[in-house]
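Chemist: One structure is given below, represented as structure tokens, and several questions about it will come after.
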Amino acid sequence: MTEQVPVRFGDRSYEVLIGPGVRSALPAVIEKLGARRVAVVSARPAPWVPETGVETLLLPARDGEPDKTLDTVEALCAAFVRFGLTRSDAVVSVGGGTTTDVVGLAAALYHRGIPVVHLPTSLLAQVDASVGGKTAVNLPEGKNLVGAYWQPAAVLCDTDYLTTLPARELRNGLGEIARCHFIGAPGLHGLPLTEQIAASVTLKAGIVSADERDTGPRHLLNYGHTLGHALEAATGFALRHGEAVAVGTVFAGRLAGVLGRITPDRVREHQEVVAAYGLPTALPDTTDPGTLIGLMRRDKKARAGLTFVLDGPAGAELVADVPEPAVTEALARMERAPLDRLLAVAPAGCAGTEAAVT
């Protein structure tokens with residue numbers, strides 16, 4: 001069964017197709033764009049890369065934070081030049097979230113913008129990075145600090161790709177799905193995975209269509225991300241993005257509780273929802289609170305002191321200038337565990353996952 005989710009941006013609107021085998025729609029997408037040449041940047045083996053129907057340059061990529069740099073973007077753009085890619089042509093990404101981000105930014109910058117089609121191959125990329133037009137790379141000083149908004153021409157979320165993922169990589173994507181419970185899509189746990197992906201994409205599509213450039217409601221998508229990004233950096237990316245966001249989601253509940261925004265039952269609900277997905281809920285026991293607070297001050301949302309997306313009486317919202325003592329107290333209330341134990345948490349509780357991806 002194929003799900004189709006529209007993302008509305010006027011004449012820049014596009015469709016997200018979700019289901020087994022949807023990568024076969026790529027030639028039709030390229031034909032509709034009118035491209036004569038396509039550069040496919042793939043972090044997956046050649047047999048997983050679909051035909052484009054036109055002259056194609058296949059460029060290898062590697063998923064992972066080490067290659068999410070401006071150097072990688074420059075190398076891709078140079079390859080586009082050598083291939084003779086024009087603004088009338090297109091770029092295709094095939095890979096996880098880091099590949100999607102890097103290729104999206106290269107497409108945004110090359111000739112000041114060239115169409116890009118995303119074929120996300122990880123659960124994390126299917127529910128998050130491929131939709132909404134955010135592209136970015138890292139600097140030594142922090143994550144996602146250089147980027148642009150560049151909407152794709154289409155997104156093909158082929159669930160067949162998920163059959164190749166190790167269990168921990170599936171769990172990585174569940175971190176983004178779990179946080180949806182607190183920003184407008186409760187009750188996803190227990191649904192077949194394809195339905196969880198479609199619901200997550202539908203939620204994100206509605207938010208980004210109303211706020212493309214992060215000036216208002218799109219901040220909701222950063223639920224759990226402020227501490228999450230800090231934990232990624234503090235652990236040298238040993239904690240993957242979805243895992244770190246899961247811990248950040250639990251922390252967001254703790255902080256909202258410290259600030260008196262939610263009840264103790266709602267604080268516990270954060271812990272219970274995240275744990276039900278088999279995700280980590282504790283801070284690594286070697287992380288220093290002062291270091292984490294320093295990293296959180298660099299967050300892109302932090303225009304007025306420490307800034308978080310927090311639950312409250314009216315639902316989740318952006319809260320600026322949160323007092324540092326409250327943040328310190330919330331960190332102190334978090335459980336702690338050895339990093340290797342957090343990395344070893346087994347996936348659990350995603351009913352229907354096996355049926356959806358096998």
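Just remember, in the structure tokens the first chain shown is A, the second B, etc., residues are 1-based per chain, and ligands are 1-based in the order shown.
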Write out as a PyMOL selection string the residues lying within 9 Å of region 272-285 of chain A, counting only C-alpha atoms and excluding same-chain residues fewer than 3 positions away.
Modeler: chain A and resi 171-172+174-175+178-179+181+189+231+235+242-244+246-251+268-269+288+331+334-350
Chemist: Give me the region 141-201 of chain A side of the contact with region 216-225 of chain A, cut-off 9 Å, one line per residue showing its nearest atom pair and distance in Å at one decimal, counting only C-alpha atoms, sorted by chain and residue number, as CSV.
Modeler:
residue,atom,partner,partner_atom,distance
A:Arg179,CA,A:Tyr223,CA,6.6
A:Cys180,CA,A:Leu221,CA,8.2
A:Phe182,CA,A:Tyr223,CA,8.0
A:Ile183,CA,A:Leu220,CA,6.4
Chemist: By how many Å are CA of Glu169 (chain A) and CA of Ala148 (chain A) apart?
Modeler: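 So the two atoms, CA of Glu169 (chain A) and CA of Ala148 (chain A), lie 26.2 Å apart.
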Chemist: Find, counting only C-alpha atoms, the residue in A:Gly113, A:Pro6, A:Gly53, A:Gly228 that gets nearest to Met296 (chain A).
Modeler: A:Gly228
Chemist: Could you tell me which of A:Ala199, A:Ala185, A:Val258, A:Val103 comes closest to Lys68 (chain A) if we count only C-alpha atoms?
Modeler: A:Val103
Chemist: Using only C-alpha atoms, determine which residues lie at most 12 Å from Ile30 (chain A), disregarding the query and same-chain residues fewer than 5 positions distant; provide the list as a PyMOL selection string.
Modeler: chain A and resi 23-25+35-40+50-56+88-92+115-118+153-155
Chemist: Restricting the output to C-alpha atoms, write the selected residues as an mmCIF file, in the first residue's frame.
Modeler:
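Dumped to selection_37.cif:
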data_model
loop_
_atom_site.group_PDB
_atom_site.id
_atom_site.type_symbol
_atom_site.label_atom_id
_atom_site.label_comp_id
_atom_site.auth_asym_id
_atom_site.auth_seq_id
_atom_site.Cartn_x
_atom_site.Cartn_y
_atom_site.Cartn_z
ATOM 1 C CA ARG A 23 11.592 4.390 -5.833
ATOM 2 C CA SER A 24 10.371 3.092 -9.200
ATOM 3 C CA ALA A 25 8.539 6.400 -9.619
ATOM 4 C CA ALA A 35 15.875 17.258 -16.774
ATOM 5 C CA ARG A 36 18.251 15.873 -19.416
ATOM 6 C CA ARG A 37 21.011 14.947 -16.969
ATOM 7 C CA VAL A 38 20.865 13.785 -13.363
ATOM 8 C CA ALA A 39 23.574 13.462 -10.722
ATOM 9 C CA VAL A 40 22.659 10.722 -8.255
ATOM 10 C CA PRO A 50 16.794 3.166 -9.426
ATOM 11 C CA GLU A 51 17.085 4.156 -13.059
ATOM 12 C CA THR A 52 16.472 7.825 -13.831
ATOM 13 C CA GLY A 53 15.588 7.522 -17.510
ATOM 14 C CA VAL A 54 18.201 10.101 -18.548
ATOM 15 C CA GLU A 55 21.990 10.459 -18.682
ATOM 16 C CA THR A 56 23.161 9.872 -15.120
ATOM 17 C CA SER A 88 17.560 22.691 -16.018
ATOM 18 C CA ASP A 89 18.883 19.364 -14.744
ATOM 19 C CA ALA A 90 18.473 17.679 -11.354
ATOM 20 C CA VAL A 91 20.200 16.054 -8.408
ATOM 21 C CA VAL A 92 18.993 12.955 -6.555
ATOM 22 C CA PRO A 115 15.978 20.701 -8.458
ATOM 23 C CA VAL A 116 16.621 17.896 -5.978
ATOM 24 C CA VAL A 117 14.720 14.653 -5.395
ATOM 25 C CA HIS A 118 15.228 12.738 -2.161
ATOM 26 C CA ALA A 153 10.839 18.444 -6.123
ATOM 27 C CA ALA A 154 9.649 15.122 -4.700
ATOM 28 C CA VAL A 155 10.382 12.663 -1.892
#
Chemist: Taking only C-alpha atoms into account, which of A:Leu58, A:Val94, A:Leu145, A:Val5 comes nearest Leu70 (chain A)?
Modeler: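 Under the stated criterion, the closest residue is A:Leu145.
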Chemist: Between A:Gly84, A:Gly104, A:Pro186, A:Pro166, which is the closest to Gly147 (chain A) once you count only C-alpha atoms?
Modeler: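 Answer, going by the shortest atom-to-atom distance: A:Gly104.
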Chemist: I want to know what sits within 9 Å of Thr328 (chain A), based on only C-alpha atoms, with residues of the same chain fewer than 4 positions away left out; could you give that as a PDB file with all heavy atoms, in the first residue's frame?
Modeler:
ATOM      1  N   PRO A 289      27.126  18.752  33.068  1.00  0.00           N
ATOM      2  CA  PRO A 289      26.009  19.684  32.868  1.00  0.00           C
ATOM      3  C   PRO A 289      26.441  21.035  32.317  1.00  0.00           C
ATOM      4  O   PRO A 289      25.758  21.607  31.460  1.00  0.00           O
ATOM      5  CB  PRO A 289      25.413  19.814  34.276  1.00  0.00           C
ATOM      6  CG  PRO A 289      25.777  18.539  34.964  1.00  0.00           C
ATOM      7  CD  PRO A 289      27.126  18.168  34.425  1.00  0.00           C
ATOM      8  N   GLY A 290      27.559  21.542  32.792  1.00  0.00           N
ATOM      9  CA  GLY A 290      28.026  22.834  32.304  1.00  0.00           C
ATOM     10  C   GLY A 290      28.347  22.794  30.819  1.00  0.00           C
ATOM     11  O   GLY A 290      28.053  23.755  30.077  1.00  0.00           O
ATOM     12  N   ILE A 293      25.043  22.734  28.897  1.00  0.00           N
ATOM     13  CA  ILE A 293      24.401  24.054  28.877  1.00  0.00           C
ATOM     14  C   ILE A 293      25.120  24.976  27.900  1.00  0.00           C
ATOM     15  O   ILE A 293      24.488  25.721  27.134  1.00  0.00           O
ATOM     16  CB  ILE A 293      24.363  24.655  30.295  1.00  0.00           C
ATOM     17  CG1 ILE A 293      23.349  23.876  31.148  1.00  0.00           C
ATOM     18  CG2 ILE A 293      23.995  26.144  30.253  1.00  0.00           C
ATOM     19  CD1 ILE A 293      23.346  24.259  32.614  1.00  0.00           C
ATOM     20  N   PRO A 323      15.580  30.279  32.689  1.00  0.00           N
ATOM     21  CA  PRO A 323      16.652  30.492  33.671  1.00  0.00           C
ATOM     22  C   PRO A 323      17.612  29.302  33.740  1.00  0.00           C
ATOM     23  O   PRO A 323      17.178  28.144  33.783  1.00  0.00           O
ATOM     24  CB  PRO A 323      15.897  30.665  34.997  1.00  0.00           C
ATOM     25  CG  PRO A 323      14.508  31.060  34.605  1.00  0.00           C
ATOM     26  CD  PRO A 323      14.235  30.378  33.306  1.00  0.00           C
ATOM     27  N   GLU A 324      18.894  29.599  33.770  1.00  0.00           N
ATOM     28  CA  GLU A 324      19.877  28.518  33.813  1.00  0.00           C
ATOM     29  C   GLU A 324      19.706  27.621  35.036  1.00  0.00           C
ATOM     30  O   GLU A 324      19.885  26.399  34.913  1.00  0.00           O
ATOM     31  CB  GLU A 324      21.292  29.091  33.756  1.00  0.00           C
ATOM     32  CG  GLU A 324      22.364  28.013  33.694  1.00  0.00           C
ATOM     33  CD  GLU A 324      23.755  28.565  33.451  1.00  0.00           C
ATOM     34  OE1 GLU A 324      23.888  29.572  32.724  1.00  0.00           O
ATOM     35  OE2 GLU A 324      24.715  27.979  33.994  1.00  0.00           O
ATOM     36  N   ALA A 332      19.761  17.657  36.573  1.00  0.00           N
ATOM     37  CA  ALA A 332      20.044  16.879  37.787  1.00  0.00           C
ATOM     38  C   ALA A 332      18.967  15.836  38.054  1.00  0.00           C
ATOM     39  O   ALA A 332      19.235  14.804  38.674  1.00  0.00           O
ATOM     40  CB  ALA A 332      20.176  17.817  38.984  1.00  0.00           C
ATOM     41  N   ARG A 333      17.750  16.090  37.597  1.00  0.00           N
ATOM     42  CA  ARG A 333      16.652  15.143  37.811  1.00  0.00           C
ATOM     43  C   ARG A 333      16.664  13.988  36.800  1.00  0.00           C
ATOM     44  O   ARG A 333      15.909  13.032  36.953  1.00  0.00           O
ATOM     45  CB  ARG A 333      15.309  15.875  37.727  1.00  0.00           C
ATOM     46  CG  ARG A 333      15.065  16.848  38.879  1.00  0.00           C
ATOM     47  CD  ARG A 333      13.651  17.400  38.830  1.00  0.00           C
ATOM     48  NE  ARG A 333      13.413  18.380  39.888  1.00  0.00           N
ATOM     49  CZ  ARG A 333      12.231  18.928  40.133  1.00  0.00           C
ATOM     50  NH1 ARG A 333      11.177  18.593  39.396  1.00  0.00           N
ATOM     51  NH2 ARG A 333      12.095  19.818  41.105  1.00  0.00           N
TER      52      ARG A 333
END
Chemist: Report the residues of region 38-278 of chain A whose backbone DSSP state falls under strand (DSSP E or B), written as a ChimeraX atom specification.
Modeler: /A:38-42,55-60,90-95,116-120,134-139,142-149,154-158
